[in-house]
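S.K.: structure21.txt is reproduced in full below (compact mmCIF, C-alpha atoms).
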# COMPACT_ATOMS: atom_id res chain seq x y z
CA MET P 1149 11.86 -4.85 -41.09
CA ARG P 1150 13.39 -6.35 -44.22
CA VAL P 1151 13.76 -4.12 -47.31
CA THR P 1152 15.01 -5.37 -50.70
CA THR P 1153 16.50 -2.84 -53.16
CA ALA P 1154 16.75 -3.19 -56.94
CA SER P 1155 20.47 -2.42 -57.10
CA SER P 1156 21.40 -4.93 -54.43
CA PRO P 1157 19.18 -8.04 -54.49
CA GLY P 1158 18.64 -9.55 -51.07
CA ALA P 1159 20.29 -6.67 -49.24
CA THR P 1160 18.65 -5.21 -46.15
CA GLN P 1161 18.66 -1.76 -44.75
CA ALA P 1162 17.23 -0.15 -41.65
CA PRO P 1163 13.98 1.77 -41.98
CA PRO P 1164 14.54 5.48 -42.46
CA ALA P 1165 14.92 7.45 -39.26
CA ALA P 1166 11.97 9.60 -38.26
CA PRO P 1167 12.41 13.32 -38.74
CA PRO P 1168 13.59 15.01 -35.51
CA ALA P 1169 10.24 16.74 -35.07
CA LEU P 1170 8.39 13.41 -35.17
CA ALA P 1171 10.96 11.66 -32.99
CA ARG P 1172 10.27 14.17 -30.21
CA LEU P 1173 6.59 13.24 -30.31
CA ARG P 1174 7.15 9.54 -29.85
CA PRO P 1175 6.61 8.34 -26.26
CA GLY P 1176 9.74 7.16 -24.53
CA PRO P 1177 10.06 3.82 -22.73
CA ARG P 1178 7.69 3.58 -19.78
CA THR P 1179 9.05 2.77 -16.33
CA LEU P 1180 6.53 0.86 -14.27
CA PRO P 1181 6.34 0.97 -10.47
CA ALA P 1182 6.68 -2.26 -8.53
CA LEU P 1183 2.89 -2.51 -8.23
CA VAL P 1184 0.33 -1.46 -10.83
CA HIS P 1185 -3.38 -0.99 -10.15
CA ARG P 1186 -5.78 -1.73 -12.96
CA ASP P 1187 -7.31 1.74 -12.77
CA GLU P 1188 -3.90 3.35 -13.32
CA VAL P 1189 -3.64 2.19 -16.93
CA SER P 1190 -6.04 1.72 -19.82
CA PRO P 1191 -7.88 -1.61 -20.11
CA LEU P 1192 -5.94 -2.34 -23.31
CA ALA P 1193 -2.58 -1.61 -21.68
CA TRP P 1194 -3.50 -3.73 -18.63
CA ALA P 1195 -4.48 -6.71 -20.75
CA GLY P 1196 -1.45 -6.32 -22.99
CA MET P 1197 1.08 -6.12 -20.15
CA LEU P 1198 -0.44 -9.19 -18.50
CA ALA P 1199 -0.41 -11.12 -21.78
CA ASP P 1200 3.20 -10.11 -22.48
CA GLY P 1201 4.35 -11.12 -19.00
CA HIS P 1202 5.32 -7.60 -17.94
CA LEU P 1203 2.76 -7.78 -15.13
CA VAL P 1204 1.97 -10.71 -12.81
CA PRO P 1205 -1.42 -10.86 -11.03
CA LEU P 1206 -1.02 -10.40 -7.29
CA TRP P 1207 -4.32 -9.55 -5.61
CA GLY P 1208 -7.62 -8.35 -6.99
CA ALA P 1209 -6.98 -5.49 -9.39
CA VAL P 1210 -3.32 -5.22 -8.42
CA ALA P 1211 -0.38 -6.76 -10.26
CA ARG P 1212 3.36 -6.69 -9.66
CA THR P 1213 5.93 -6.15 -12.36
CA ALA P 1214 7.74 -9.26 -13.49
CA ALA P 1215 11.01 -7.94 -12.07
CA THR P 1216 9.45 -7.42 -8.61
CA ALA P 1217 9.80 -10.37 -6.24
CA GLU P 1218 6.68 -11.30 -4.28
CA THR P 1219 7.54 -10.61 -0.66
CA PRO P 1220 5.48 -9.88 2.47
CA ALA P 1221 6.16 -6.17 1.96
CA VAL P 1222 4.92 -6.29 -1.63
CA ARG P 1223 1.80 -8.23 -0.65
CA ALA P 1224 1.08 -5.75 2.14
CA ALA P 1225 1.53 -2.80 -0.22
CA ALA P 1226 -1.05 -4.35 -2.56
CA LEU P 1227 -3.66 -3.91 0.20
CA ALA P 1228 -2.56 -0.41 1.25
CA ARG P 1229 -5.44 1.41 -0.45
CA PHE P 1230 -7.94 -0.34 1.79
CA VAL P 1231 -6.26 0.26 5.16
CA PRO P 1232 -7.23 3.46 7.02
CA ALA P 1233 -4.68 5.42 9.02
CA ARG P 1234 -5.52 3.70 12.30
CA GLY P 1235 -6.31 0.29 10.89
CA ALA P 1236 -4.29 -2.83 10.11
CA VAL P 1237 -4.54 -5.80 7.79
CA GLY P 1238 -5.61 -8.79 9.87
CA ARG P 1239 -6.83 -12.39 10.09
CA LEU P 1240 -6.63 -14.39 6.84
CA SER P 1241 -5.44 -11.35 4.88
CA ALA P 1242 -2.53 -11.03 7.30
CA VAL P 1243 -1.83 -14.75 6.87
CA TRP P 1244 -1.50 -14.13 3.13
CA VAL P 1245 0.78 -11.13 3.67
CA HIS P 1246 3.13 -13.08 5.93
CA ALA P 1247 2.98 -16.53 4.34
CA GLY P 1248 1.83 -16.08 0.73
CA GLY P 1249 -0.29 -18.74 -0.93
CA ASP P 1250 -3.80 -18.13 -2.21
CA ALA P 1251 -4.74 -14.46 -2.06
CA PRO P 1252 -7.90 -13.54 -0.14
CA ARG P 1253 -10.91 -12.40 -2.13
CA ARG P 1254 -11.35 -9.38 0.15
CA ALA P 1255 -8.94 -7.49 2.39
CA THR P 1256 -9.73 -7.96 6.08
CA VAL P 1257 -9.02 -4.72 7.94
CA LEU P 1258 -9.08 -4.34 11.73
CA VAL P 1259 -9.91 -1.01 13.37
CA GLY P 1260 -10.09 -0.06 17.00
CA ALA P 1261 -13.42 -0.07 18.83
CA GLY P 1262 -15.02 3.35 18.60
CA THR P 1263 -12.89 4.29 15.62
CA ARG P 1264 -14.74 5.56 12.57
CA ARG P 1265 -15.07 2.69 10.15
CA PRO P 1266 -13.99 3.22 6.55
CA ASP P 1267 -16.67 3.36 3.89
CA ALA P 1268 -18.03 0.08 2.61
CA HIS P 1269 -16.17 -1.42 -0.32
CA PRO P 1270 -16.67 -4.76 -2.11
CA ASP P 1271 -12.95 -5.55 -1.76
CA ARG P 1272 -12.77 -4.86 1.98
CA TRP P 1273 -14.26 -6.38 5.14
CA VAL P 1274 -13.87 -4.46 8.40
CA ALA P 1275 -13.92 -5.73 11.98
CA GLU P 1276 -13.26 -4.09 15.34
CA ALA P 1277 -10.30 -5.23 17.41
CA ALA P 1278 -8.15 -3.93 20.24
CA LEU P 1279 -4.62 -3.58 18.85
CA SER P 1280 -1.55 -2.53 20.82
CA THR P 1281 1.67 -1.31 19.23
CA THR P 1282 3.21 -4.73 19.79
CA ASP P 1283 0.41 -6.37 17.80
CA VAL P 1284 1.25 -4.55 14.58
CA VAL P 1285 4.17 -4.45 12.17
CA VAL P 1286 4.57 -2.14 9.18
CA LEU P 1287 5.36 -3.88 5.89
CA GLY P 1288 5.49 -2.06 2.58
CA GLY P 1289 4.20 1.04 4.33
CA THR P 1290 1.11 -0.85 5.50
CA ALA P 1291 0.15 -1.86 9.05
CA VAL P 1292 -0.34 -5.62 9.44
CA THR P 1293 -0.94 -7.71 12.54
CA THR P 1294 2.18 -9.58 13.61
CA PRO P 1295 2.38 -13.33 12.92
CA LEU P 1296 1.77 -14.05 16.62
CA ARG P 1297 -1.29 -11.79 16.82
CA THR P 1298 -2.54 -13.19 13.51
CA VAL P 1299 -2.34 -16.75 14.86
CA VAL P 1300 -4.38 -15.71 17.91
CA ASP P 1301 -7.00 -13.99 15.75
CA VAL P 1302 -7.49 -16.76 13.19
CA ALA P 1303 -7.66 -19.36 15.97
CA ARG P 1304 -10.48 -17.36 17.57
CA TRP P 1305 -12.49 -16.25 14.57
CA GLU P 1306 -12.00 -18.52 11.57
CA PRO P 1307 -13.71 -21.91 11.00
CA PRO P 1308 -11.63 -24.71 12.60
CA ALA P 1309 -10.38 -26.30 9.37
CA VAL P 1310 -9.41 -22.92 7.92
CA ALA P 1311 -7.80 -21.84 11.18
CA HIS P 1312 -5.75 -25.05 11.47
CA ALA P 1313 -4.34 -24.56 7.98
CA ALA P 1314 -3.58 -20.88 8.59
CA VAL P 1315 -1.86 -21.55 11.91
CA ALA P 1316 0.27 -24.28 10.30
CA ARG P 1317 1.30 -21.90 7.49
CA LEU P 1318 2.30 -19.14 9.90
CA SER P 1319 4.12 -21.58 12.13
CA ALA P 1320 6.07 -22.95 9.18
CA CYS P 1321 6.98 -19.65 7.52
CA CYS P 1322 7.34 -17.29 10.46
CA GLY P 1323 8.38 -19.46 13.38
CA VAL P 1324 5.40 -18.51 15.52
CA ASP P 1325 5.67 -19.87 19.04
CA LEU P 1326 2.35 -21.66 19.46
CA ALA P 1327 2.80 -21.88 23.22
CA GLY P 1328 3.30 -18.13 23.26
CA ALA P 1329 0.16 -17.68 21.19
CA ALA P 1330 -1.80 -19.80 23.65
CA ALA P 1331 -0.39 -17.75 26.54
CA ALA P 1332 -1.54 -14.57 24.80
CA LEU P 1333 -5.11 -15.86 25.15
CA GLY P 1334 -4.77 -15.61 28.93
CA GLY P 1335 -5.73 -11.96 28.95
CA LEU P 1336 -8.86 -12.65 26.92
CA GLU P 1337 -10.63 -15.03 29.27
CA GLY P 1338 -14.40 -14.83 28.89
CA HIS P 1339 -14.20 -13.35 25.40
CA ARG P 1340 -15.69 -15.00 22.36
CA GLY P 1341 -13.74 -17.82 20.73
CA VAL P 1342 -11.00 -18.04 23.38
CA ARG P 1343 -11.79 -21.57 24.58
CA ARG P 1344 -11.96 -22.87 21.00
CA ALA P 1345 -8.74 -21.05 20.10
CA ARG P 1346 -6.87 -22.56 23.04
CA ALA P 1347 -7.93 -26.08 22.03
CA LEU P 1348 -7.00 -25.43 18.42
CA LEU P 1349 -3.55 -24.14 19.32
CA ARG P 1350 -3.01 -27.13 21.62
CA ASP P 1351 -3.85 -29.47 18.74
CA ALA P 1352 -1.61 -27.54 16.35
CA ALA P 1353 1.32 -27.75 18.77
CA ARG P 1354 0.72 -31.49 19.22
CA GLN P 1355 0.72 -32.05 15.46
CA ALA P 1356 3.92 -30.06 15.12
CA ARG P 1357 5.59 -32.25 17.74
CA MET P 1358 4.37 -35.44 16.06
CA THR P 1359 5.80 -34.37 12.69
CA GLY P 1360 9.03 -33.24 14.28
CA SER P 1361 8.55 -29.74 12.91
CA SER P 1362 10.95 -27.11 14.17
CA ALA P 1363 9.13 -24.31 12.40
CA ALA P 1364 7.61 -23.02 15.59
CA ARG P 1365 11.11 -22.34 16.91
CA GLU P 1366 13.10 -21.39 13.85
CA PRO P 1367 11.79 -18.51 11.70
CA VAL P 1368 12.04 -18.91 7.94
CA THR P 1369 12.80 -15.87 5.82
CA ARG P 1370 10.39 -15.34 2.94
Would you give me this structure, written as structure tokens?
M.R.:
Amino acid sequence: MRVTTASSPGATQAPPAAPPALARLRPGPRTLPALVHRDEVSPLAWAGMLADGHLVPLWGAVARTAATAETPAVRAAALARFVPARGAVGRLSAVWVHAGGDAPRRATVLVGAGTRRPDAHPDRWVAEAALSTTDVVVLGGTAVTTPLRTVVDVARWEPPAVAHAAVARLSACCGVDLAGAAAALGGLEGHRGVRRARALLRDAARQARMTGSSAAREPVTR
């Protein structure tokens, strides 16, 4: 603030300090967590922090602070509210966690057969799946299907064009062994989508060989 006095034209001085009693009432600087949910702050504060660049949209009603790098762990943590204790992020949502890119509109959560399903929510879609301990990795405190298991799932359940793109992304970013993914289908003979998934993985491996990609053998850190 610029203040001009009569005795010293053009001079500036700092605004008077607040009385100690008032200074104690002023809120101190706010320290934000790495992730902020829209319902944790007022609508005005949310809009202001986004406009000022303090928050960066991440997924749905979740944003990360500008100083927080977007990593698989951060993306997984953004979905944590929607994952029950015995569930895991899966399919295209797991692709996003591992590889980034366009965020899914809803979180896909996998739960074991016979397990109580979480309540319906517009931001969550739930499916049953048999998951072993080797099928799941914990990122940002959230269970997520491993890249290999995610490749198997998207190859079985997603539309072919979507599945091809997802498999290519996981192969490029995480070094998924497509031959290993195809071998994992061996124990699922007779189940839905297995034949289509095997053909899709065969095509994906062929395309990787044609382009000379080494991504399926050499993991890339993200």
S.K.: Counting all atoms listed in the file, what is within 9 Å of P:Trp1244, bar same-chain residues fewer than 6 positions away, as a ChimeraX atom specification?
M.R.: /P:1220,1223-1224,1250-1252,1314
S.K.: P:Val1231: which residues within 8 Å, counting all atoms listed in the file, same-chain residues fewer than 4 positions away excluded, as a PyMOL selection string?
M.R.: chain P and resi 1227+1235-1237+1257+1290-1291
S.K.: When you draw a straight line from atom CA of P:Gly1289 to atom CA of P:Arg1186, how long is it in Å?
M.R.: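 Separation between atom CA of P:Gly1289 and atom CA of P:Arg1186: 20.2 Å.
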S.K.: With only C-alpha atoms as the atoms that count, which of P:Arg1264, P:His1202, P:Arg1350, P:Arg1344 lies nearest to P:Ala1330?
M.R.: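 Among the listed residues, the smallest separation from P:Ala1330 belongs to P:Arg1350.
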S.K.: For P:Ala1209, work out the shell of residues within 12 Å, counting only C-alpha atoms and skipping chain neighbours fewer than 2 positions away, then give it as a PyMOL selection string.
M.R.: chain P and resi 1183-1189+1191+1194-1195+1198+1203-1207+1211-1212+1226-1227+1229+1251+1253-1254+1271
S.K.: Record the distance separating atom CA of P:Arg1354 and atom CA of P:Ala1316, expressed in Å with one decimal.
M.R.: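 Pair atom CA of P:Arg1354 / atom CA of P:Ala1316 returns 11.5 Å.
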S.K.: Skip P:Val1274 itself and residues of its chain fewer than 6 positions away, then list as a ChimeraX atom specification all residues within 9 Å of it, counting only C-alpha atoms.
M.R.: /P:1255-1259,1265-1266,1268
S.K.: Go ahead and write the residues just picked, C-alpha atoms, as a short mmCIF file (atom, residue, chain, number, x, y, z; two decimals), in the coordinates of the input.
M.R.:
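The resulting result-v1.cif:
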data_model
loop_
_atom_site.label_atom_id
_atom_site.label_comp_id
_atom_site.auth_asym_id
_atom_site.auth_seq_id
_atom_site.Cartn_x
_atom_site.Cartn_y
_atom_site.Cartn_z
CA ALA P 1255 -8.94 -7.49 2.39
CA THR P 1256 -9.73 -7.96 6.08
CA VAL P 1257 -9.02 -4.72 7.94
CA LEU P 1258 -9.08 -4.34 11.73
CA VAL P 1259 -9.91 -1.01 13.37
CA ARG P 1265 -15.07 2.69 10.15
CA PRO P 1266 -13.99 3.22 6.55
CA ALA P 1268 -18.03 0.08 2.61
#
S.K.: Determine the nearest neighbour of P:Pro1295 from the options P:Ala1193, P:Ala1233, P:Leu1326, P:Ala1199, counting all atoms listed in the file.
M.R.: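 Ranking P:Ala1193, P:Ala1233, P:Leu1326, P:Ala1199 by distance to P:Pro1295, first place goes to P:Leu1326.
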S.K.: Rounded to one decimal, what separation in Å do you get between atom CA of P:Val1302 and atom CA of P:Val1315?
M.R.: 7.5 Å
S.K.: Please list as an MDAnalysis selection string every residue within 12 Å of P:Ala1311, counting only C-alpha atoms and excluding residues in the same chain fewer than 3 positions away.
M.R.: chainID P and resid 1239:1240 1243 1298:1308 1314:1319 1341 1344:1349 1351:1352
S.K.: The selected residues should be written to file as a JSON list (two decimals), in the coordinates of the input (atoms: C-alpha atoms).
M.R.:
[["chain", "number", "residue", "atom", "x", "y", "z"],
["P", 1239, "ARG", "CA", -6.83, -12.39, 10.09],
["P", 1240, "LEU", "CA", -6.63, -14.39, 6.84],
["P", 1243, "VAL", "CA", -1.83, -14.75, 6.87],
["P", 1298, "THR", "CA", -2.54, -13.19, 13.51],
["P", 1299, "VAL", "CA", -2.34, -16.75, 14.86],
["P", 1300, "VAL", "CA", -4.38, -15.71, 17.91],
["P", 1301, "ASP", "CA", -7.00, -13.99, 15.75],
["P", 1302, "VAL", "CA", -7.49, -16.76, 13.19],
["P", 1303, "ALA", "CA", -7.66, -19.36, 15.97],
["P", 1304, "ARG", "CA", -10.48, -17.36, 17.57],
["P", 1305, "TRP", "CA", -12.49, -16.25, 14.57],
["P", 1306, "GLU", "CA", -12.00, -18.52, 11.57],
["P", 1307, "PRO", "CA", -13.71, -21.91, 11.00],
["P", 1308, "PRO", "CA", -11.63, -24.71, 12.60],
["P", 1314, "ALA", "CA", -3.58, -20.88, 8.59],
["P", 1315, "VAL", "CA", -1.86, -21.55, 11.91],
["P", 1316, "ALA", "CA", 0.27, -24.28, 10.30],
["P", 1317, "ARG", "CA", 1.30, -21.90, 7.49],
["P", 1318, "LEU", "CA", 2.30, -19.14, 9.90],
["P", 1319, "SER", "CA", 4.12, -21.58, 12.13],
["P", 1341, "GLY", "CA", -13.74, -17.82, 20.73],
["P", 1344, "ARG", "CA", -11.96, -22.87, 21.00],
["P", 1345, "ALA", "CA", -8.74, -21.05, 20.10],
["P", 1346, "ARG", "CA", -6.87, -22.56, 23.04],
["P", 1347, "ALA", "CA", -7.93, -26.08, 22.03],
["P", 1348, "LEU", "CA", -7.00, -25.43, 18.42],
["P", 1349, "LEU", "CA", -3.55, -24.14, 19.32],
["P", 1351, "ASP", "CA", -3.85, -29.47, 18.74],
["P", 1352, "ALA", "CA", -1.61, -27.54, 16.35]]
S.K.: Of the candidates P:Thr1219, P:Thr1179, P:Thr1282, P:Thr1213, which shows the shortest atom-to-atom distance to P:Gly1249, using only C-alpha atoms?
M.R.: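 Checking each of P:Thr1219, P:Thr1179, P:Thr1282, P:Thr1213 against P:Gly1249, counting only C-alpha atoms, the winner is P:Thr1219.
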S.K.: Of the residues P:Leu1296, P:Arg1340, P:Pro1232, P:His1312, which is the one nearest to P:Asp1325, using only C-alpha atoms?
M.R.: P:Leu1296
S.K.: Have a look at P:Glu1276, P:Val1245, P:Ala1320, P:Pro1181 and name the one nearest to P:Ala1228; count all atoms listed in the file.
M.R.: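 Looking only at the distances to P:Ala1228, the closest residue turns out to be P:Val1245.
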S.K.: With all atoms listed in the file as the atoms that count, which of P:Val1286, P:Arg1234, P:His1246, P:Thr1281 lies nearest to P:Ala1261?
M.R.: P:Arg1234
